[in-house]
Structure formats: C-alpha cells, structure tokens
>>> print(open('query27.csv').read())   # CSV, C-alpha atoms and all ligand atoms
chain,number,residue,atom,x,y,z
A,7,MET,CA,-28.5,91.1,11.5
A,8,ALA,CA,-27.9,94.3,9.5
A,9,SER,CA,-24.1,93.6,9.5
A,10,ASN,CA,-24.8,90.3,7.6
A,11,ILE,CA,-26.4,92.1,4.7
A,12,ILE,CA,-24.4,91.7,1.5
A,13,PRO,CA,-24.2,94.9,-0.5
A,14,VAL,CA,-25.5,94.3,-4.1
A,15,ILE,CA,-25.3,96.8,-7.0
A,16,THR,CA,-27.5,95.9,-10.0
A,17,ILE,CA,-26.9,97.3,-13.5
A,18,ASP,CA,-29.7,96.6,-16.0
A,19,GLY,CA,-30.2,97.9,-19.5
A,20,PRO,CA,-30.3,97.1,-23.2
A,21,SER,CA,-27.6,95.2,-25.1
A,22,GLY,CA,-24.3,96.9,-25.6
A,23,ALA,CA,-24.9,99.8,-23.1
A,24,GLY,CA,-21.5,99.1,-21.4
A,25,LYS,CA,-22.9,97.3,-18.4
A,26,GLY,CA,-20.3,94.5,-18.4
A,27,THR,CA,-17.3,96.9,-18.7
A,28,ILE,CA,-18.6,99.2,-16.0
A,29,ALA,CA,-19.4,96.2,-13.7
A,30,GLN,CA,-15.8,95.0,-14.1
A,31,ASN,CA,-14.3,98.4,-13.4
A,32,VAL,CA,-16.5,99.1,-10.4
A,33,ALA,CA,-16.0,95.5,-9.0
A,34,SER,CA,-12.2,96.0,-9.1
A,35,GLU,CA,-12.5,99.4,-7.5
A,36,LEU,CA,-14.7,98.1,-4.6
A,37,GLY,CA,-13.3,94.6,-4.5
A,38,PHE,CA,-16.8,93.2,-5.2
A,39,HIS,CA,-17.7,89.9,-6.9
A,40,ILE,CA,-19.3,90.0,-10.4
A,41,LEU,CA,-22.3,88.3,-11.9
A,42,ASP,CA,-22.6,88.6,-15.7
A,43,SER,CA,-26.1,87.1,-15.8
A,44,GLY,CA,-26.2,87.3,-19.6
A,45,SER,CA,-23.5,84.7,-19.8
A,46,LEU,CA,-25.8,82.2,-18.1
A,47,TYR,CA,-28.5,82.7,-20.8
A,48,ARG,CA,-25.8,82.6,-23.5
A,49,LEU,CA,-24.4,79.3,-22.1
A,50,THR,CA,-27.8,77.8,-21.9
A,51,ALA,CA,-28.4,78.8,-25.5
A,52,LEU,CA,-25.1,77.4,-26.7
A,53,ALA,CA,-25.5,74.1,-24.8
A,54,SER,CA,-29.0,73.6,-26.1
A,55,GLN,CA,-27.8,74.3,-29.6
A,56,ASP,CA,-25.0,71.8,-29.2
A,57,ASP,CA,-27.5,69.2,-27.9
A,58,GLY,CA,-29.9,69.9,-30.7
A,59,ILE,CA,-32.7,70.8,-28.3
A,60,ALA,CA,-35.6,72.6,-30.1
A,61,LEU,CA,-36.7,76.0,-28.7
A,62,SER,CA,-40.2,74.5,-28.3
A,63,ASP,CA,-38.8,72.0,-25.7
A,64,GLU,CA,-38.9,74.4,-22.7
A,65,SER,CA,-38.7,71.8,-20.0
A,66,LYS,CA,-35.6,70.2,-21.6
A,67,ILE,CA,-33.8,73.6,-21.9
A,68,ALA,CA,-34.8,74.5,-18.3
A,69,GLU,CA,-33.3,71.2,-17.1
A,70,LEU,CA,-30.1,72.0,-19.0
A,71,ALA,CA,-30.0,75.5,-17.4
A,72,LEU,CA,-30.5,74.1,-14.0
A,73,ASN,CA,-27.6,71.6,-14.3
A,74,LEU,CA,-25.4,73.8,-16.5
A,75,PRO,CA,-21.9,72.2,-16.2
A,76,VAL,CA,-20.0,75.5,-16.2
A,77,GLU,CA,-16.9,76.8,-14.5
A,78,PHE,CA,-15.9,80.5,-14.3
A,79,LEU,CA,-12.1,80.8,-13.9
A,80,ALA,CA,-10.4,84.1,-13.1
A,81,VAL,CA,-7.4,84.6,-15.4
A,82,ASP,CA,-5.1,87.6,-16.1
A,83,SER,CA,-7.2,88.7,-19.1
A,84,GLY,CA,-10.5,88.5,-17.2
A,85,LEU,CA,-12.7,85.5,-16.9
A,86,LYS,CA,-12.4,82.2,-18.7
A,87,ILE,CA,-15.7,80.3,-19.1
A,88,ILE,CA,-15.6,76.5,-19.4
A,89,LEU,CA,-18.6,74.5,-20.5
A,90,ARG,CA,-18.2,70.8,-20.5
A,91,ASP,CA,-14.4,71.0,-20.4
A,92,GLU,CA,-14.3,73.4,-23.3
A,93,ASP,CA,-13.3,77.1,-23.2
A,94,VAL,CA,-16.4,78.9,-24.6
A,95,SER,CA,-15.4,82.4,-23.6
A,96,GLU,CA,-15.3,83.6,-27.2
A,97,ALA,CA,-18.1,81.3,-28.6
A,98,ILE,CA,-20.8,82.6,-26.3
A,99,ARG,CA,-20.1,86.3,-27.3
A,100,LYS,CA,-21.1,85.7,-30.9
A,101,GLU,CA,-24.1,87.8,-32.1
A,102,GLU,CA,-26.0,84.7,-33.1
A,103,ILE,CA,-25.7,83.2,-29.6
A,104,GLY,CA,-26.8,86.6,-28.2
A,105,MET,CA,-29.9,86.4,-30.3
A,106,LEU,CA,-30.6,82.7,-29.4
A,107,ALA,CA,-30.0,83.6,-25.7
A,108,SER,CA,-32.7,86.3,-26.0
A,109,LYS,CA,-35.1,83.6,-27.3
A,110,VAL,CA,-34.2,81.1,-24.5
A,111,ALA,CA,-34.4,83.9,-21.9
A,112,ALA,CA,-38.1,84.4,-22.8
A,113,LEU,CA,-38.9,80.9,-21.5
A,114,PRO,CA,-40.3,81.2,-18.0
A,115,LYS,CA,-39.0,77.8,-16.8
A,116,VAL,CA,-35.5,78.7,-18.0
A,117,ARG,CA,-35.6,82.0,-16.0
A,118,GLU,CA,-36.9,80.1,-13.0
A,119,ALA,CA,-34.1,77.5,-13.3
A,120,LEU,CA,-31.4,80.2,-13.3
A,121,LEU,CA,-32.8,82.2,-10.4
A,122,GLU,CA,-31.1,80.5,-7.5
A,123,ARG,CA,-27.8,80.1,-9.3
A,124,GLN,CA,-27.7,83.9,-9.9
A,125,ARG,CA,-28.6,84.7,-6.3
A,126,SER,CA,-25.8,82.4,-5.1
A,127,PHE,CA,-23.2,84.8,-6.6
A,128,SER,CA,-24.1,87.2,-3.8
A,129,GLU,CA,-21.2,87.0,-1.3
A,130,GLN,CA,-19.3,89.3,1.0
A,131,PRO,CA,-17.8,91.9,0.6
A,132,GLY,CA,-20.4,92.6,-2.1
A,133,LEU,CA,-21.7,91.8,-5.6
A,134,ILE,CA,-22.2,93.8,-8.8
A,135,ALA,CA,-24.6,92.1,-11.1
A,136,ASP,CA,-25.5,93.1,-14.6
A,137,GLY,CA,-28.3,92.0,-16.9
A,138,ARG,CA,-31.9,92.8,-17.7
A,139,ASP,CA,-33.8,91.9,-14.5
A,140,MET,CA,-31.2,92.2,-11.7
A,141,GLY,CA,-33.0,95.0,-10.0
A,142,THR,CA,-36.5,94.0,-10.7
A,143,THR,CA,-36.5,90.2,-10.1
A,144,VAL,CA,-33.2,88.6,-9.0
A,145,PHE,CA,-32.1,91.2,-6.4
A,146,PRO,CA,-35.1,93.3,-5.7
A,147,ASP,CA,-33.7,94.4,-2.3
A,148,SER,CA,-30.5,95.7,-3.8
A,149,ALA,CA,-29.6,99.1,-2.3
A,150,LEU,CA,-28.2,100.5,-5.5
A,151,LYS,CA,-30.0,99.8,-8.8
A,152,ILE,CA,-28.8,101.4,-12.0
A,153,PHE,CA,-30.5,101.4,-15.4
A,154,MET,CA,-27.9,102.1,-18.0
A,155,THR,CA,-28.8,103.2,-21.5
A,156,ALA,CA,-27.2,104.7,-24.6
A,157,SER,CA,-28.6,105.4,-28.0
A,158,ALA,CA,-28.8,102.3,-30.3
A,159,GLU,CA,-26.3,104.0,-32.7
A,160,GLU,CA,-23.8,104.6,-30.0
A,161,ARG,CA,-24.2,101.1,-28.7
A,162,ALA,CA,-23.7,99.6,-32.1
A,163,GLU,CA,-20.6,101.8,-32.6
A,164,ARG,CA,-19.1,100.5,-29.4
A,165,ARG,CA,-19.8,96.9,-30.3
A,166,TYR,CA,-18.3,97.5,-33.8
A,167,LYS,CA,-15.1,98.8,-32.2
A,168,GLN,CA,-14.9,95.8,-29.8
A,169,LEU,CA,-15.4,93.4,-32.7
A,170,LYS,CA,-12.9,95.2,-34.9
A,171,ALA,CA,-10.3,95.1,-32.1
A,172,LYS,CA,-10.7,91.3,-32.1
A,173,GLY,CA,-10.2,91.2,-35.8
A,174,ILE,CA,-13.9,90.3,-36.5
A,175,ASN,CA,-15.6,92.0,-39.4
A,176,ALA,CA,-18.9,93.7,-38.7
A,177,ASN,CA,-21.4,96.1,-40.3
A,178,ILE,CA,-22.8,99.0,-38.2
A,179,ALA,CA,-26.2,99.0,-39.9
A,180,ALA,CA,-26.6,95.2,-39.2
A,181,LEU,CA,-25.4,95.7,-35.6
A,182,VAL,CA,-28.0,98.5,-35.0
A,183,LYS,CA,-30.7,96.2,-36.5
A,184,ASP,CA,-29.7,93.3,-34.3
A,185,LEU,CA,-29.5,95.4,-31.1
A,186,LYS,CA,-32.9,96.9,-31.7
A,187,LEU,CA,-34.5,93.5,-32.4
A,188,ARG,CA,-32.9,91.9,-29.3
A,189,ASP,CA,-34.0,94.9,-27.1
A,190,GLU,CA,-37.5,94.6,-28.5
A,191,GLN,CA,-37.7,90.9,-27.7
A,192,ASP,CA,-36.2,91.5,-24.2
A,193,ALA,CA,-38.6,94.4,-23.4
A,194,ASN,CA,-41.7,92.8,-24.7
A,195,ARG,CA,-41.5,89.3,-23.1
A,196,ALA,CA,-44.0,88.4,-20.5
A,197,VAL,CA,-41.6,87.3,-17.7
A,198,SER,CA,-39.0,89.7,-16.3
A,199,PRO,CA,-38.9,92.0,-19.2
A,200,LEU,CA,-36.1,94.6,-19.7
A,201,LYS,CA,-37.3,97.6,-17.7
A,202,PRO,CA,-36.0,99.9,-15.0
A,203,ALA,CA,-36.9,99.0,-11.4
A,204,ASP,CA,-39.1,101.7,-9.8
A,205,ASP,CA,-36.2,102.8,-7.6
A,206,ALA,CA,-33.5,102.6,-10.3
A,207,VAL,CA,-31.1,105.5,-11.0
A,208,LEU,CA,-31.2,106.1,-14.8
A,209,LEU,CA,-27.8,106.6,-16.4
A,210,ASP,CA,-27.7,107.6,-20.1
A,211,THR,CA,-24.1,107.0,-21.1
A,212,THR,CA,-24.4,108.1,-24.8
A,213,GLU,CA,-22.1,111.1,-24.2
A,214,MET,CA,-20.1,109.7,-21.3
A,215,SER,CA,-16.7,108.0,-21.3
A,216,ILE,CA,-16.1,104.6,-19.6
A,217,GLU,CA,-14.1,106.5,-16.9
A,218,GLU,CA,-16.9,109.0,-16.3
A,219,VAL,CA,-19.5,106.2,-15.9
A,220,THR,CA,-17.2,104.2,-13.6
A,221,ILE,CA,-16.6,107.2,-11.3
A,222,ARG,CA,-20.4,108.0,-11.2
A,223,VAL,CA,-21.3,104.4,-10.2
A,224,VAL,CA,-18.5,104.2,-7.6
A,225,GLU,CA,-19.7,107.6,-6.2
A,226,LEU,CA,-23.3,106.3,-6.0
A,227,ALA,CA,-22.1,103.1,-4.3
A,228,LYS,CA,-20.1,105.1,-1.7
A,229,GLN,CA,-23.2,107.2,-0.9
A,230,ARG,CA,-25.4,104.1,-0.5
A,231,PHE,CA,-23.1,101.7,1.4
B,1,LIG,O1,-26.2,90.7,-21.5
B,1,LIG,P1,-26.1,89.8,-22.7
B,1,LIG,O2,-26.2,90.5,-24.0
B,1,LIG,O3,-24.9,88.9,-22.6
B,1,LIG,O4,-27.4,88.9,-22.6
B,1,LIG,C1,-27.8,88.0,-23.6
B,1,LIG,C2,-29.3,87.9,-23.6
B,1,LIG,O5,-29.7,87.2,-22.4
B,1,LIG,C3,-30.1,89.2,-23.5
B,1,LIG,O6,-30.4,89.7,-24.8
B,1,LIG,C4,-31.3,88.8,-22.8
B,1,LIG,O7,-32.3,88.2,-23.6
B,1,LIG,C5,-30.9,87.7,-21.9
B,1,LIG,N1,-30.7,88.1,-20.5
B,1,LIG,C6,-31.9,88.2,-19.7
B,1,LIG,N2,-31.8,88.5,-18.4
B,1,LIG,C7,-30.6,88.8,-17.9
B,1,LIG,C8,-29.4,88.8,-18.7
B,1,LIG,C9,-29.5,88.5,-20.0
B,1,LIG,O8,-33.0,87.9,-20.2
B,1,LIG,N3,-30.6,89.1,-16.6
>>> encode(input="query27.csv", output="structure tokens")
Amino acid sequence: MASNIIPVITIDGPSGAGKGTIAQNVASELGFHILDSGSLYRLTALASQDDGIALSDESKIAELALNLPVEFLAVDSGLKIILRDEDVSEAIRKEEIGMLASKVAALPKVREALLERQRSFSEQPGLIADGRDMGTTVFPDSALKIFMTASAEERAERRYKQLKAKGINANIAALVKDLKLRDEQDANRAVSPLKPADDAVLLDTTEMSIEEVTIRVVELAKQRF
C-alpha cells in the first residue's frame, strides 16, 4: 500500500511570492508533475467574464468551473493553456483577471467544483502543487508543505520586472496596492483562506535568489521522500 502513495509537495503563499517559478524548477529537478491551481481560478474568471455571468450567480460560475473546457499543452517555452480552442496563456495572467479570480475563488461552490479536478493532477512519480490552500484543503496529507512569503514590496518588484520583460508597462505603487488587496481578500474569505497549514515549513524568500529557494525546496523534498 505504502509504495502506491504519490509524493506531493504543496507550496502556498501570497500573490507573487515566486511559487510558480519555484514549482517549475523543482518539478524539472525531480521529474514531478505540476499543478498551477491559480490558473484554474483564473480560467474560471476569464470564462465567466466572456460569458457575461454575474459574480452573484454562484451556481452558474460553479457549473462553468466544473466543466471548464481547458487543455494544458506542454511546449518548449513552458505550458500553453487552451480554453475553448483559444490560447489564453497570456490573457489569464493579466492583473484584472487575477483580481477577478480572487473574487470567484471566494465562492464556496466554485472551490468545491474545482476540488476533484485539482486532486486528479496527482500522479506518479509525484506532484508539486502551488496555490493558496494546497496544504490545508486540497492535499492535506502531503508530506512536504511549504508556505512561501516575501515582503509586498519585493513581490511587486518581481512582478514589475516580469511585466517589463514582456514589454508591458506597470507602476510599482499600483502593483503593491493590488497585491495587498488580493492578499487581503484571499486571507479573509470564509472558505479555504490563504494561511499556512499547521505543519508547513515557512520560507521567507525576500532576501533569497530563485536558485537558493529551489535548492532549499529540493533539499527538503529529498529529506522527506
Ligand atoms: O496564484 P494566482 O495568482 O494565479 O491565483 C489567482 C487567484 O486565484 C488568487 O488570488 C486566489 O484568489 C485564487 N486561488 C485560490 N486558491 C488557490 C489558487 C488560487 O483561491 N489554490
């Protein structure tokens, strides 16, 4: 029985803490699968916006989330996300969709609708899942739970550099404001709020490089698995 257990690493934390980048690095180091759970909330937000569904219509949004016609395609540059035959990889990363995702993510029926889909990503040889409630709700039995943080200013700075590299104009003060607002929404909702699991390892990456964080997480994984 024990040999059938799929190793799962969860990384939770506030927006822009670097969870996605670290998940990708660690996954390629260990040969694990990846779940970017935020993308499912972003896709639900984008699809409900396209369909003109009001935020007050929780059941309709949950139905959409349950039947989300999405495909994740591995390509050289990373992952291509196709929603209803359209490449939405860039569109779902916009700040406004992040903010809408945070509103959609506060709806209990939507979270319920996405639960099994998220769990289905867990396959051998292992999974690394990032989000807000990976360690607390989706994979509570995970053997390695990390809660990754960085100061809001550092997170905004990182996001600013990412956007600039893509040729998108941004303003640091506005990014700090948006990040703080989204964190506040995520931490104060009633269902699966953003918080560390009781048995999570806390990792403040404010003063750490991507390489240092990757090494630390791989070390922890090797100790646990
Ligand atoms: O991680 P990302 O910024 O892409 O997530 C977008 C939003 O989706 C978050 O602000 C949060 O409200 C929601 N989310 C969530 N639970 C997760 C992952 C994301 O509520 N596990």
>>> closest_atom_pairs(input="query27.csv", of="chain A", to="ligand LIG 1 (chain B)", cutoff="7 Å", atoms="all atoms listed in the file", output="tab-separated table")
residue	atom	partner	partner_atom	distance
A:Ser21	CA	B:LIG1	O2	5.0
A:Gly22	CA	B:LIG1	O2	6.9
A:Ser43	CA	B:LIG1	C8	4.7
A:Gly44	CA	B:LIG1	C9	3.5
A:Ser45	CA	B:LIG1	O3	5.2
A:Tyr47	CA	B:LIG1	O5	4.9
A:Arg48	CA	B:LIG1	C1	5.8
A:Gly104	CA	B:LIG1	C1	4.9
A:Met105	CA	B:LIG1	O6	6.4
A:Ala107	CA	B:LIG1	C2	4.8
A:Ser108	CA	B:LIG1	O7	3.1
A:Lys109	CA	B:LIG1	O7	6.5
A:Ala111	CA	B:LIG1	O8	4.6
A:Ala112	CA	B:LIG1	O8	6.7
A:Asp136	CA	B:LIG1	N3	6.8
A:Gly137	CA	B:LIG1	N3	3.7
A:Arg138	CA	B:LIG1	N3	4.1
A:Asp139	CA	B:LIG1	N3	4.7
A:Met140	CA	B:LIG1	N3	5.8
A:Arg188	CA	B:LIG1	O6	5.6
A:Asp189	CA	B:LIG1	O6	6.7
A:Asp192	CA	B:LIG1	O7	5.1
>>> closest_residue(input="query27.csv", among="A:Arg222, A:Glu129, A:Ala135, A:Glu101", to="Ala180 (chain A)", atoms="only C-alpha atoms")
A:Glu101
>>> residues_around(input="query27.csv", residues="Ala176 (chain A)", least_positions_apart="2", cutoff="12 Å", atoms="all atoms listed in the file", output="PyMOL selection string")
chain A and resi 100-101+162-174+178-182+184
>>> residues_around(input="query27.csv", residues="Ile134 (chain A)", least_positions_apart="6", cutoff="10 Å", atoms="only C-alpha atoms", output="PyMOL selection string")
chain A and resi 13-17+26+28-30+32-33+36-42+127-128+140+148+150-151
>>> residues_around(input="query27.csv", residues="region 81-93 of chain A", least_positions_apart="4", cutoff="10 Å", atoms="only C-alpha atoms", output="list in words")
Gln30, Ser45, Leu49, Thr50, Leu52, Ala53, Leu74, Pro75, Val76, Glu77, Ala97 and Ile98 of chain A
>>> residues_around(input="query27.csv", residues="Thr155 (chain A)", least_positions_apart="6", cutoff="8 Å", atoms="only C-alpha atoms", output="PyMOL selection string")
chain A and resi 19-20+23+208-212
>>> write_last_selection(input="query27.csv", atoms="C-alpha atoms", output="mmCIF file, keeping the file's coordinate frame")
data_model
loop_
_atom_site.group_PDB
_atom_site.id
_atom_site.type_symbol
_atom_site.label_atom_id
_atom_site.label_comp_id
_atom_site.auth_asym_id
_atom_site.auth_seq_id
_atom_site.Cartn_x
_atom_site.Cartn_y
_atom_site.Cartn_z
ATOM 1 C CA GLY A 19 -30.200 97.900 -19.500
ATOM 2 C CA PRO A 20 -30.300 97.100 -23.200
ATOM 3 C CA ALA A 23 -24.900 99.800 -23.100
ATOM 4 C CA LEU A 208 -31.200 106.100 -14.800
ATOM 5 C CA LEU A 209 -27.800 106.600 -16.400
ATOM 6 C CA ASP A 210 -27.700 107.600 -20.100
ATOM 7 C CA THR A 211 -24.100 107.000 -21.100
ATOM 8 C CA THR A 212 -24.400 108.100 -24.800
#
>>> atom_distance(input="query27.csv", atom1="CA of Ala71 (chain A)", atom2="CA of Leu106 (chain A)")
14.0 Å
>>> closest_residue(input="query27.csv", among="A:Lys115, A:Val110, A:Pro202, A:Arg195", to="Ala68 (chain A)", atoms="only C-alpha atoms")
A:Lys115
>>> atom_distance(input="query27.csv", atom1="CA of Gln229 (chain A)", atom2="CA of Ala149 (chain A)")
10.4 Å
>>> closest_residue(input="query27.csv", among="A:Ile103, A:Ala227, A:Ile12, A:Ala80", to="Ala51 (chain A)", atoms="all atoms listed in the file")
A:Ile103
>>> atom_distance(input="query27.csv", atom1="CA of Ile11 (chain A)", atom2="CA of Arg230 (chain A)")
13.1 Å
>>> residues_near_point(input="query27.csv", point="(-41.1, 93.3, -15.1)", cutoff="12 Å", atoms="all atoms listed in the file", output="ChimeraX atom specification")
/A:18,138-144,146,192-204
>>> closest_residue(input="query27.csv", among="A:Leu185, A:Leu113, A:Leu133, A:Leu120", to="Ser34 (chain A)", atoms="all atoms listed in the file")
A:Leu133
>>> closest_residue(input="query27.csv", among="A:Arg161, A:Lys66, A:Arg99, A:Lys228", to="Gly24 (chain A)", atoms="all atoms listed in the file")
A:Arg161
>>> decode(input="query27.csv", residues="region 169-181 of chain A", atoms="all heavy atoms", output="compact mmCIF listing (two decimals), in the first residue's frame")
# COMPACT_ATOMS: atom_id res chain seq x y z
N LEU A 169 6.74 41.85 -15.87
CA LEU A 169 5.90 42.57 -16.83
C LEU A 169 6.76 43.36 -17.80
O LEU A 169 6.52 43.37 -19.00
CB LEU A 169 4.93 43.51 -16.09
CG LEU A 169 3.84 42.81 -15.26
CD1 LEU A 169 3.07 43.82 -14.42
CD2 LEU A 169 2.88 42.05 -16.16
N LYS A 170 7.79 44.01 -17.25
CA LYS A 170 8.67 44.82 -18.09
C LYS A 170 9.37 43.96 -19.15
O LYS A 170 9.49 44.36 -20.31
CB LYS A 170 9.71 45.52 -17.22
CG LYS A 170 9.83 46.98 -17.59
CD LYS A 170 10.74 47.74 -16.73
CE LYS A 170 11.41 48.78 -17.61
NZ LYS A 170 12.65 49.26 -17.04
N ALA A 171 9.78 42.77 -18.71
CA ALA A 171 10.45 41.86 -19.65
C ALA A 171 9.52 41.48 -20.80
O ALA A 171 9.96 41.16 -21.89
CB ALA A 171 10.92 40.61 -18.91
N LYS A 172 8.22 41.51 -20.53
CA LYS A 172 7.25 41.18 -21.58
C LYS A 172 6.83 42.42 -22.36
O LYS A 172 5.90 42.39 -23.17
CB LYS A 172 5.99 40.59 -20.94
CG LYS A 172 6.15 39.18 -20.45
CD LYS A 172 4.80 38.64 -20.02
CE LYS A 172 4.93 37.38 -19.23
NZ LYS A 172 3.72 37.08 -18.47
N GLY A 173 7.45 43.57 -22.03
CA GLY A 173 7.13 44.80 -22.72
C GLY A 173 5.83 45.44 -22.23
O GLY A 173 5.24 46.28 -22.91
N ILE A 174 5.36 45.02 -21.05
CA ILE A 174 4.12 45.59 -20.51
C ILE A 174 4.47 46.67 -19.48
O ILE A 174 5.27 46.44 -18.57
CB ILE A 174 3.24 44.50 -19.83
CG1 ILE A 174 2.93 43.38 -20.84
CG2 ILE A 174 1.97 45.09 -19.25
CD1 ILE A 174 2.28 42.15 -20.24
N ASN A 175 3.86 47.85 -19.64
CA ASN A 175 4.12 48.94 -18.70
C ASN A 175 3.43 48.69 -17.37
O ASN A 175 2.31 48.21 -17.34
CB ASN A 175 3.58 50.26 -19.28
CG ASN A 175 4.68 51.01 -19.99
OD1 ASN A 175 5.87 50.83 -19.67
ND2 ASN A 175 4.30 51.84 -20.95
N ALA A 176 4.11 49.02 -16.28
CA ALA A 176 3.48 48.84 -14.98
C ALA A 176 3.98 49.90 -14.02
O ALA A 176 4.98 50.57 -14.28
CB ALA A 176 3.79 47.45 -14.45
N ASN A 177 3.28 50.02 -12.90
CA ASN A 177 3.64 51.02 -11.92
C ASN A 177 3.76 50.29 -10.58
O ASN A 177 2.84 49.61 -10.14
CB ASN A 177 2.49 52.05 -11.92
CG ASN A 177 2.55 53.00 -10.77
OD1 ASN A 177 2.51 52.60 -9.61
ND2 ASN A 177 2.64 54.26 -11.11
N ILE A 178 4.95 50.43 -9.94
CA ILE A 178 5.22 49.65 -8.72
C ILE A 178 4.19 49.92 -7.62
O ILE A 178 3.66 49.00 -7.00
CB ILE A 178 6.64 49.93 -8.17
CG1 ILE A 178 7.67 49.49 -9.20
CG2 ILE A 178 6.84 49.26 -6.83
CD1 ILE A 178 8.69 48.49 -8.75
N ALA A 179 3.88 51.21 -7.41
CA ALA A 179 2.95 51.56 -6.33
C ALA A 179 1.59 50.89 -6.57
O ALA A 179 0.97 50.35 -5.64
CB ALA A 179 2.79 53.07 -6.24
N ALA A 180 1.15 50.89 -7.83
CA ALA A 180 -0.14 50.27 -8.15
C ALA A 180 -0.06 48.76 -7.95
O ALA A 180 -1.02 48.13 -7.48
CB ALA A 180 -0.53 50.59 -9.58
N LEU A 181 1.10 48.17 -8.28
CA LEU A 181 1.25 46.72 -8.10
C LEU A 181 1.21 46.34 -6.62
O LEU A 181 0.57 45.36 -6.24
CB LEU A 181 2.58 46.24 -8.72
CG LEU A 181 2.63 46.19 -10.25
CD1 LEU A 181 4.04 45.86 -10.72
CD2 LEU A 181 1.66 45.15 -10.80
